[in-house]
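> Contents of work_9.cif (mmCIF, C-alpha atoms) are below:
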```
data_target
loop_
_atom_site.label_atom_id
_atom_site.label_comp_id
_atom_site.auth_asym_id
_atom_site.auth_seq_id
_atom_site.Cartn_x
_atom_site.Cartn_y
_atom_site.Cartn_z
CA LEU A 1 6.71 -20.53 -18.90
CA ASN A 2 3.45 -22.50 -19.12
CA THR A 3 2.45 -21.33 -15.63
CA PHE A 4 3.21 -17.74 -16.54
CA ALA A 5 1.40 -18.01 -19.85
CA GLY A 6 -1.65 -19.35 -18.08
CA HIS A 7 -1.81 -16.29 -15.83
CA LEU A 8 -1.15 -13.73 -18.52
CA LEU A 9 -3.47 -15.49 -20.96
CA ASN A 10 -6.33 -14.68 -18.60
CA LEU A 11 -5.70 -11.00 -19.31
CA LEU A 12 -6.95 -11.46 -22.85
CA ARG A 13 -9.60 -14.14 -22.46
CA TRP A 14 -12.46 -11.78 -21.75
CA ARG A 15 -11.88 -9.86 -24.97
CA VAL A 16 -11.00 -12.91 -27.03
CA ALA A 17 -14.27 -14.54 -25.97
CA PHE A 18 -16.00 -11.71 -27.80
CA GLY A 19 -13.82 -11.98 -30.87
CA VAL A 20 -11.45 -9.09 -30.20
CA SER A 21 -7.92 -9.63 -31.52
CA VAL A 22 -4.62 -9.02 -29.75
CA GLY A 23 -3.96 -6.21 -32.21
CA ALA A 24 -7.25 -4.57 -31.29
CA ASN A 25 -6.34 -4.80 -27.61
CA ILE A 26 -3.04 -3.09 -28.29
CA ARG A 27 -4.62 -0.36 -30.44
CA GLN A 28 -7.17 0.36 -27.70
CA THR A 29 -4.42 0.39 -25.09
CA GLU A 30 -2.41 2.80 -27.22
CA ARG A 31 -5.40 5.14 -27.35
CA ASN A 32 -5.77 4.87 -23.58
CA MET A 33 -2.10 5.79 -23.13
CA SER A 34 -2.25 8.69 -25.60
CA GLY A 35 -1.36 11.95 -23.92
CA LYS A 36 -0.13 10.30 -20.72
CA SER A 37 3.38 11.09 -19.52
CA SER A 38 5.91 8.38 -18.66
CA ALA A 39 5.56 9.42 -15.03
CA PRO A 40 1.94 10.20 -14.10
CA ASN A 41 2.81 12.27 -11.06
CA LYS A 42 -0.71 12.38 -9.64
CA GLU A 43 -0.98 8.61 -9.31
CA ILE A 44 2.61 8.16 -8.16
CA SER A 45 2.10 10.83 -5.52
CA ARG A 46 -1.08 9.10 -4.36
CA VAL A 47 0.71 5.75 -3.98
CA PHE A 48 3.69 7.31 -2.20
CA LYS A 49 1.40 9.15 0.21
CA TYR A 50 -0.56 5.95 0.80
CA LEU A 51 2.57 3.94 1.65
CA CYS A 52 4.17 6.54 3.91
CA ASN A 53 3.33 5.74 7.56
CA TYR A 54 1.05 2.91 6.41
CA SER A 55 1.73 0.93 9.57
CA LYS A 56 0.22 3.79 11.61
CA LYS A 57 -2.73 4.39 9.25
CA ARG A 58 -3.58 0.76 8.59
CA LYS A 59 -6.18 0.34 11.34
CA PHE A 60 -8.09 3.43 10.23
CA ILE A 61 -7.84 2.50 6.55
CA HIS A 62 -9.39 -0.89 7.31
CA LEU A 63 -12.16 0.73 9.36
CA VAL A 64 -12.97 3.14 6.53
CA ARG A 65 -13.16 0.29 4.03
CA LYS A 66 -15.42 -1.73 6.32
CA LYS A 67 -17.74 1.23 6.88
CA LYS A 68 -17.86 2.09 3.17
CA THR A 69 -18.77 -1.50 2.34
CA ARG A 70 -21.68 -1.35 4.78
CA GLN A 71 -22.61 2.11 3.48
CA LYS A 72 -22.72 0.85 -0.10
CA LYS A 73 -24.84 -2.14 0.90
CA LEU A 74 -27.38 0.02 2.72
CA GLU A 75 -27.56 2.51 -0.14
CA SER A 76 -28.25 -0.33 -2.55
CA TYR A 77 -31.19 -1.41 -0.39
CA LEU A 78 -32.63 2.10 -0.62
CA ARG A 79 -32.74 1.71 -4.40
CA ARG A 80 -34.48 -1.67 -4.18
CA SER A 81 -37.89 -2.66 -2.85
CA ASP A 82 -37.58 -6.44 -3.03
CA SER A 83 -35.46 -6.94 0.09
CA GLN A 84 -34.82 -5.51 3.53
CA PRO A 85 -31.44 -5.15 5.31
CA LEU A 86 -30.78 -6.58 8.76
CA ASP A 87 -28.99 -5.17 11.78
CA ALA A 88 -26.18 -6.94 13.66
CA THR A 89 -28.71 -9.08 15.57
CA GLY A 90 -30.60 -10.16 12.45
CA LYS A 91 -33.53 -7.80 13.01
CA PRO A 92 -35.01 -6.13 9.87
CA LEU A 93 -34.22 -2.42 9.56
CA SER A 94 -36.87 0.19 8.80
CA MET A 95 -36.23 3.08 6.43
CA ALA A 96 -35.68 5.33 9.43
CA ASP A 97 -33.20 2.84 10.86
CA ILE A 98 -31.31 2.80 7.55
CA ASP A 99 -31.11 6.60 7.45
CA ASP A 100 -29.87 6.70 11.03
CA GLU A 101 -27.20 4.07 10.37
CA LEU A 102 -26.06 5.79 7.18
CA ASN A 103 -25.64 9.07 9.06
CA SER A 104 -23.70 7.29 11.81
CA ILE A 105 -21.49 5.53 9.27
CA GLN A 106 -20.69 8.80 7.50
CA ARG A 107 -19.69 10.42 10.79
CA GLN A 108 -17.40 7.50 11.60
CA ILE A 109 -15.85 7.54 8.12
CA THR A 110 -15.15 11.27 8.49
CA GLU A 111 -13.54 10.72 11.90
CA HIS A 112 -11.31 7.90 10.62
CA GLU A 113 -10.31 9.87 7.51
CA GLU A 114 -9.39 12.86 9.66
CA LYS A 115 -7.06 10.62 11.67
CA ILE A 116 -5.50 9.34 8.44
CA ASP A 117 -5.04 12.92 7.23
CA ALA A 118 -3.37 13.85 10.53
CA ILE A 119 -0.90 10.97 10.19
CA ASN A 120 -0.21 11.97 6.58
CA ARG A 121 0.40 15.55 7.67
CA ASP A 122 2.50 14.94 10.78
CA GLY A 123 4.27 11.68 9.94
CA VAL A 124 7.67 11.16 8.34
CA GLN A 125 7.42 11.44 4.56
CA LYS A 126 9.26 8.19 3.95
CA ILE A 127 8.30 4.54 3.42
CA SER A 128 9.64 2.12 6.01
CA SER A 129 10.02 -1.64 5.68
CA SER A 130 7.10 -2.05 8.10
CA ASP A 131 4.91 0.21 5.95
CA LEU A 132 5.73 -1.70 2.78
CA MET A 133 5.41 -5.16 4.34
CA LEU A 134 1.92 -4.46 5.73
CA ALA A 135 0.72 -2.78 2.52
CA LEU A 136 1.85 -5.78 0.46
CA LYS A 137 0.21 -8.14 2.95
CA ASP A 138 -3.09 -6.30 2.57
CA LEU A 139 -2.80 -6.80 -1.20
CA GLY A 140 -2.46 -10.53 -0.61
CA SER A 141 1.32 -10.84 -0.94
CA VAL A 142 3.09 -11.94 2.25
CA HIS A 143 6.83 -11.20 2.44
CA SER A 144 9.40 -11.76 5.16
CA LYS A 145 11.06 -8.81 6.84
CA GLN A 146 14.30 -9.59 5.00
CA GLU A 147 12.56 -9.70 1.62
CA VAL A 148 10.97 -6.30 2.17
CA GLU A 149 14.23 -4.81 3.44
CA ASP A 150 15.90 -6.07 0.25
CA MET A 151 13.22 -4.35 -1.84
CA ILE A 152 13.93 -1.07 -0.07
CA TRP A 153 17.71 -1.56 -0.22
CA GLU A 154 17.52 -1.76 -4.02
CA VAL A 155 16.33 1.86 -4.22
CA ASP A 156 17.63 3.34 -0.95
CA GLU A 157 20.18 5.88 -2.23
CA GLY A 158 20.43 7.54 1.21
CA LEU A 159 21.10 4.23 3.01
CA ASP A 160 18.71 5.06 5.85
CA GLY A 161 16.57 1.96 5.40
CA MET A 162 13.64 3.99 4.06
CA VAL A 163 12.41 5.37 0.74
CA ASP A 164 11.85 9.11 0.38
CA TRP A 165 10.07 10.91 -2.47
CA ASN A 166 13.17 11.51 -4.57
CA GLU A 167 14.24 7.87 -4.29
CA PHE A 168 10.69 6.78 -5.07
CA MET A 169 10.56 8.86 -8.26
CA LEU A 170 14.08 7.82 -9.29
CA MET A 171 13.10 4.17 -8.91
CA TYR A 172 9.98 4.70 -11.01
CA ASP A 173 11.71 6.62 -13.80
CA ARG A 174 14.57 4.13 -14.01
CA ASN A 175 12.15 1.25 -14.48
CA VAL A 176 9.93 3.06 -16.97
CA ASN A 177 12.98 3.89 -19.10
CA ASP A 178 14.75 0.54 -18.62
CA LYS A 179 15.45 -1.09 -21.99
CA THR A 180 17.50 -4.03 -20.70
CA GLY A 181 15.22 -5.64 -18.14
CA LEU A 182 18.10 -5.52 -15.63
CA GLU A 183 16.86 -2.68 -13.40
CA PRO A 184 15.77 -3.83 -9.91
CA CYS A 185 11.99 -3.84 -10.15
CA GLN A 186 10.47 -5.45 -7.05
CA LEU A 187 9.21 -2.15 -5.61
CA TYR A 188 8.30 -0.85 -9.04
CA ASP A 189 6.10 -3.88 -9.71
CA ALA A 190 4.12 -3.20 -6.53
CA VAL A 191 3.90 0.55 -7.17
CA GLN A 192 2.72 0.12 -10.75
CA PHE A 193 -0.03 -2.22 -9.59
CA MET A 194 -1.12 0.21 -6.87
CA MET A 195 -1.29 3.03 -9.40
CA TYR A 196 -4.06 1.18 -11.23
CA ASP A 197 -5.65 -0.45 -8.19
CA THR A 198 -7.08 2.89 -7.07
CA ASP A 199 -9.24 1.45 -4.29
CA MET A 200 -6.42 -0.84 -3.09
CA SER A 201 -8.72 -3.85 -3.35
CA GLY A 202 -5.95 -6.15 -4.59
CA THR A 203 -7.32 -6.47 -8.13
CA VAL A 204 -7.07 -4.61 -11.43
CA SER A 205 -9.14 -4.93 -14.58
CA VAL A 206 -8.02 -6.55 -17.85
CA ASP A 207 -7.78 -3.17 -19.57
CA GLU A 208 -5.74 -1.70 -16.72
CA THR A 209 -3.34 -4.64 -16.89
CA MET A 210 -2.96 -4.26 -20.65
CA THR A 211 -2.08 -0.61 -20.03
CA MET A 212 0.59 -1.63 -17.53
CA LEU A 213 2.09 -4.14 -19.95
CA TYR A 214 1.96 -1.57 -22.75
CA GLN A 215 3.89 0.84 -20.56
CA ARG A 216 6.38 -1.88 -19.69
CA TYR A 217 6.96 -3.26 -23.21
CA GLY A 218 5.90 -0.43 -25.53
CA LYS A 219 3.74 -0.71 -28.62
CA LYS A 220 6.29 -2.48 -30.82
CA LYS A 221 7.30 -5.10 -28.28
CA LEU A 222 3.97 -5.87 -26.65
CA GLU A 223 2.43 -7.89 -29.49
CA THR A 224 5.73 -9.71 -30.09
CA GLU A 225 5.99 -10.63 -26.41
CA LEU A 226 2.39 -11.85 -26.25
CA GLN A 227 2.88 -13.96 -29.37
CA ARG A 228 6.15 -15.37 -28.05
CA LEU A 229 4.51 -16.36 -24.77
CA PHE A 230 1.21 -17.66 -26.11
CA GLY A 231 1.95 -18.81 -29.66
CA ASN A 232 -1.37 -19.79 -31.19
CA SER A 233 -3.06 -20.54 -27.89
CA LEU A 234 -5.20 -17.39 -27.77
CA LYS A 235 -8.36 -19.24 -28.81
CA ALA A 236 -10.02 -19.05 -25.39
CA THR A 237 -13.75 -19.05 -24.86
CA ASP A 238 -13.95 -18.14 -21.21
CA GLY A 239 -12.01 -15.88 -18.88
CA ILE A 240 -11.95 -13.37 -16.07
CA GLY A 241 -12.26 -9.62 -15.95
CA GLU A 242 -9.80 -8.97 -13.18
CA LEU A 243 -6.27 -9.87 -12.16
CA SER A 244 -5.12 -10.27 -8.55
CA PHE A 245 -1.87 -8.82 -7.25
CA GLN A 246 -0.33 -12.29 -7.02
CA GLN A 247 -1.30 -13.09 -10.63
CA TYR A 248 0.10 -9.75 -11.72
CA LEU A 249 3.43 -10.42 -9.98
CA LYS A 250 3.69 -13.79 -11.72
CA ALA A 251 2.93 -12.15 -15.05
CA VAL A 252 5.62 -9.47 -14.81
CA LYS A 253 8.32 -11.88 -13.67
CA VAL A 254 9.04 -12.59 -17.34
CA LYS A 255 11.17 -9.83 -18.78
CA PRO A 256 11.20 -8.59 -22.37
CA SER A 257 13.19 -10.73 -24.78
CA VAL A 258 16.40 -8.82 -24.27
CA LEU A 259 18.50 -11.83 -25.17
CA GLU A 260 16.93 -11.77 -28.62
CA ASP A 261 18.01 -8.17 -29.19
CA PRO A 262 20.85 -8.29 -31.75
CA LYS A 263 22.36 -5.09 -30.39
CA LEU A 264 22.72 -6.65 -26.95
CA LYS A 265 24.08 -9.89 -28.37
CA LYS A 266 27.01 -7.94 -29.87
CA ARG A 267 27.91 -6.44 -26.50
CA LYS A 268 30.55 -8.60 -24.86
CA ASP A 269 30.01 -6.90 -21.52
CA PHE A 270 26.27 -7.68 -21.49
CA PHE A 271 26.91 -11.21 -20.20
#
```
Can the structure from this file be put into structure tokens for me?

Amino acid sequence: LNTFAGHLLNLLRWRVAFGVSVGANIRQTERNMSGKSSAPNKEISRVFKYLCNYSKKRKFIHLVRKKKTRQKKLESYLRRSDSQPLDATGKPLSMADIDDELNSIQRQITEHEEKIDAINRDGVQKISSSDLMLALKDLGSVHSKQEVEDMIWEVDEGLDGMVDWNEFMLMYDRNVNDKTGLEPCQLYDAVQFMMYDTDMSGTVSVDETMTMLYQRYGKKKLETELQRLFGNSLKATDGIGELSFQQYLKAVKVKPSVLEDPKLKKRKDFF
């Protein structure tokens, strides 16, 4: 529990350092969630589309990211006059050189994105174990083939070893509406993270993580869960503004306090 608390405590340190209370965090999160459905189809669709055929798209996705990183760096130099970018050989680039490289980069990005679009259009609209394993690896979470196959098996209603759109949505809805903490959630945990990690960088912000926990616990339970985990140890003076995928997975391993629910205690079949 101490290890978990240490990871989740970092979610609140940034705000606590500025004197913002847990209650204020929850109230802000509630405002952020206002008007949002339990199943934000746009983001779920984006994640599903991203995961489908990921093993085939991966090379092009990495190339696009690399080119966009270089593009962003060059564009930042254009806005500054105190430094000069270098080419691959270490030679300073002129303004004309920068413009030429930016044009070349944009053409290459367009070409790679067209290939990704073609795979999205022509590929099978299902998530394979290879797709999921590589996507998780790129988020910094390495799993064995068996572990990933188990994740898919938990939600594979059609027993074809893959996850289609209907199974994907069913998995999501079951977890969002789960009140017991017993629903298989390995794939859901990854999907929920990807929904907020829009650039698939492997990190999410503190506010985004609070929104995920709010969705998972609800308004009434969130503050209780935080207090149960942290006690009076929220007096932090330093912290971080982002959470990695690995830290997030450690945080959500702890389920709501279902064993403290008096209604569940009365159920003889619960245990």
> Run the PyMOL selection byres ((chain A and resi 59-62) around 12) mentally over the shown coordinates, then write out the matched residues as JSON, numbers by chain, using the chain letters and numbers from the document.
{"A": [50, 51, 53, 54, 55, 56, 57, 58, 63, 64, 65, 66, 67, 68, 69, 108, 109, 110, 111, 112, 113, 114, 115, 116, 117, 118, 119, 134, 135, 138, 199, 200, 201]}
> Tell me which protein, DNA and RNA residues are within 12 Å of stretch 84-92 of chain A, counting only C-alpha atoms, leaving out same-chain ones fewer than 4 positions away, and put them as a count of residues only.
17
> If you count all atoms listed in the file, which residues fall within 9 Å of A:Gln192, apart from same-chain ones fewer than 4 positions away, as a ChimeraX atom specification?
/A:44,172,187-188,196-197,212
> When the PyMOL selection byres ((chain A and resi 147) around 12) is applied to the structure above, which residues does it catch, written out as number ranges by chain?
A: 129-130, 132-133, 136, 141-146, 148-154, 186-187
> Just to confirm, what's the straight-line distance from atom CA of A:Gln125 to atom CA of A:Trp165 in Å (one decimal)?
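Computed distance, atom CA of A:Gln125 to atom CA of A:Trp165, equals 7.5 Å.
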> What is the atom CA of A:Gln247 to atom CA of A:Lys42 distance in Å?
25.5 Å
> Kindly give the distance, in Å, that separates atom CA of A:Ile127 and atom CA of A:Cys52, rounded to a single decimal.
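So the answer is 4.6 Å.
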> Neighbours of A:Arg46 within 10 Å (only C-alpha atoms; same-chain residues fewer than 6 positions away dropped), as a list in words?
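What passes the distance filter is Met194, Met195 and Thr198 of chain A.
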> Grab the residues selected above and save them as a PDB file, in the coordinates of the input with C-alpha atoms.

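Written out: result.pdb:
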```pdb
ATOM      1  CA  MET A 194      -1.120   0.210  -6.870  1.00  0.00           C
ATOM      2  CA  MET A 195      -1.290   3.030  -9.400  1.00  0.00           C
ATOM      3  CA  THR A 198      -7.080   2.890  -7.070  1.00  0.00           C
TER       4      THR A 198
END
```
> Any chance you could resolve the PyMOL selection byres ((chain A and resi 171) around 10) against this file and give the residues as a list in words?
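When the PyMOL selection byres ((chain A and resi 171) around 10) is applied to the shown file, the picked residues are Glu154, Val155, Asp156, Glu157, Val163, Trp165, Asn166, Glu167, Phe168, Met169, Leu170, Tyr172, Asp173, Arg174, Asn175, Val176, Glu183, Pro184, Cys185, Leu187 and Tyr188 of chain A.
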> Print the selection's residues with C-alpha atoms to a file, as an mmCIF file, in the coordinates of the input.

```cif
data_model
loop_
_atom_site.group_PDB
_atom_site.id
_atom_site.type_symbol
_atom_site.label_atom_id
_atom_site.label_comp_id
_atom_site.auth_asym_id
_atom_site.auth_seq_id
_atom_site.Cartn_x
_atom_site.Cartn_y
_atom_site.Cartn_z
ATOM 1 C CA GLU A 154 17.520 -1.760 -4.020
ATOM 2 C CA VAL A 155 16.330 1.860 -4.220
ATOM 3 C CA ASP A 156 17.630 3.340 -0.950
ATOM 4 C CA GLU A 157 20.180 5.880 -2.230
ATOM 5 C CA VAL A 163 12.410 5.370 0.740
ATOM 6 C CA TRP A 165 10.070 10.910 -2.470
ATOM 7 C CA ASN A 166 13.170 11.510 -4.570
ATOM 8 C CA GLU A 167 14.240 7.870 -4.290
ATOM 9 C CA PHE A 168 10.690 6.780 -5.070
ATOM 10 C CA MET A 169 10.560 8.860 -8.260
ATOM 11 C CA LEU A 170 14.080 7.820 -9.290
ATOM 12 C CA TYR A 172 9.980 4.700 -11.010
ATOM 13 C CA ASP A 173 11.710 6.620 -13.800
ATOM 14 C CA ARG A 174 14.570 4.130 -14.010
ATOM 15 C CA ASN A 175 12.150 1.250 -14.480
ATOM 16 C CA VAL A 176 9.930 3.060 -16.970
ATOM 17 C CA GLU A 183 16.860 -2.680 -13.400
ATOM 18 C CA PRO A 184 15.770 -3.830 -9.910
ATOM 19 C CA CYS A 185 11.990 -3.840 -10.150
ATOM 20 C CA LEU A 187 9.210 -2.150 -5.610
ATOM 21 C CA TYR A 188 8.300 -0.850 -9.040
#
```
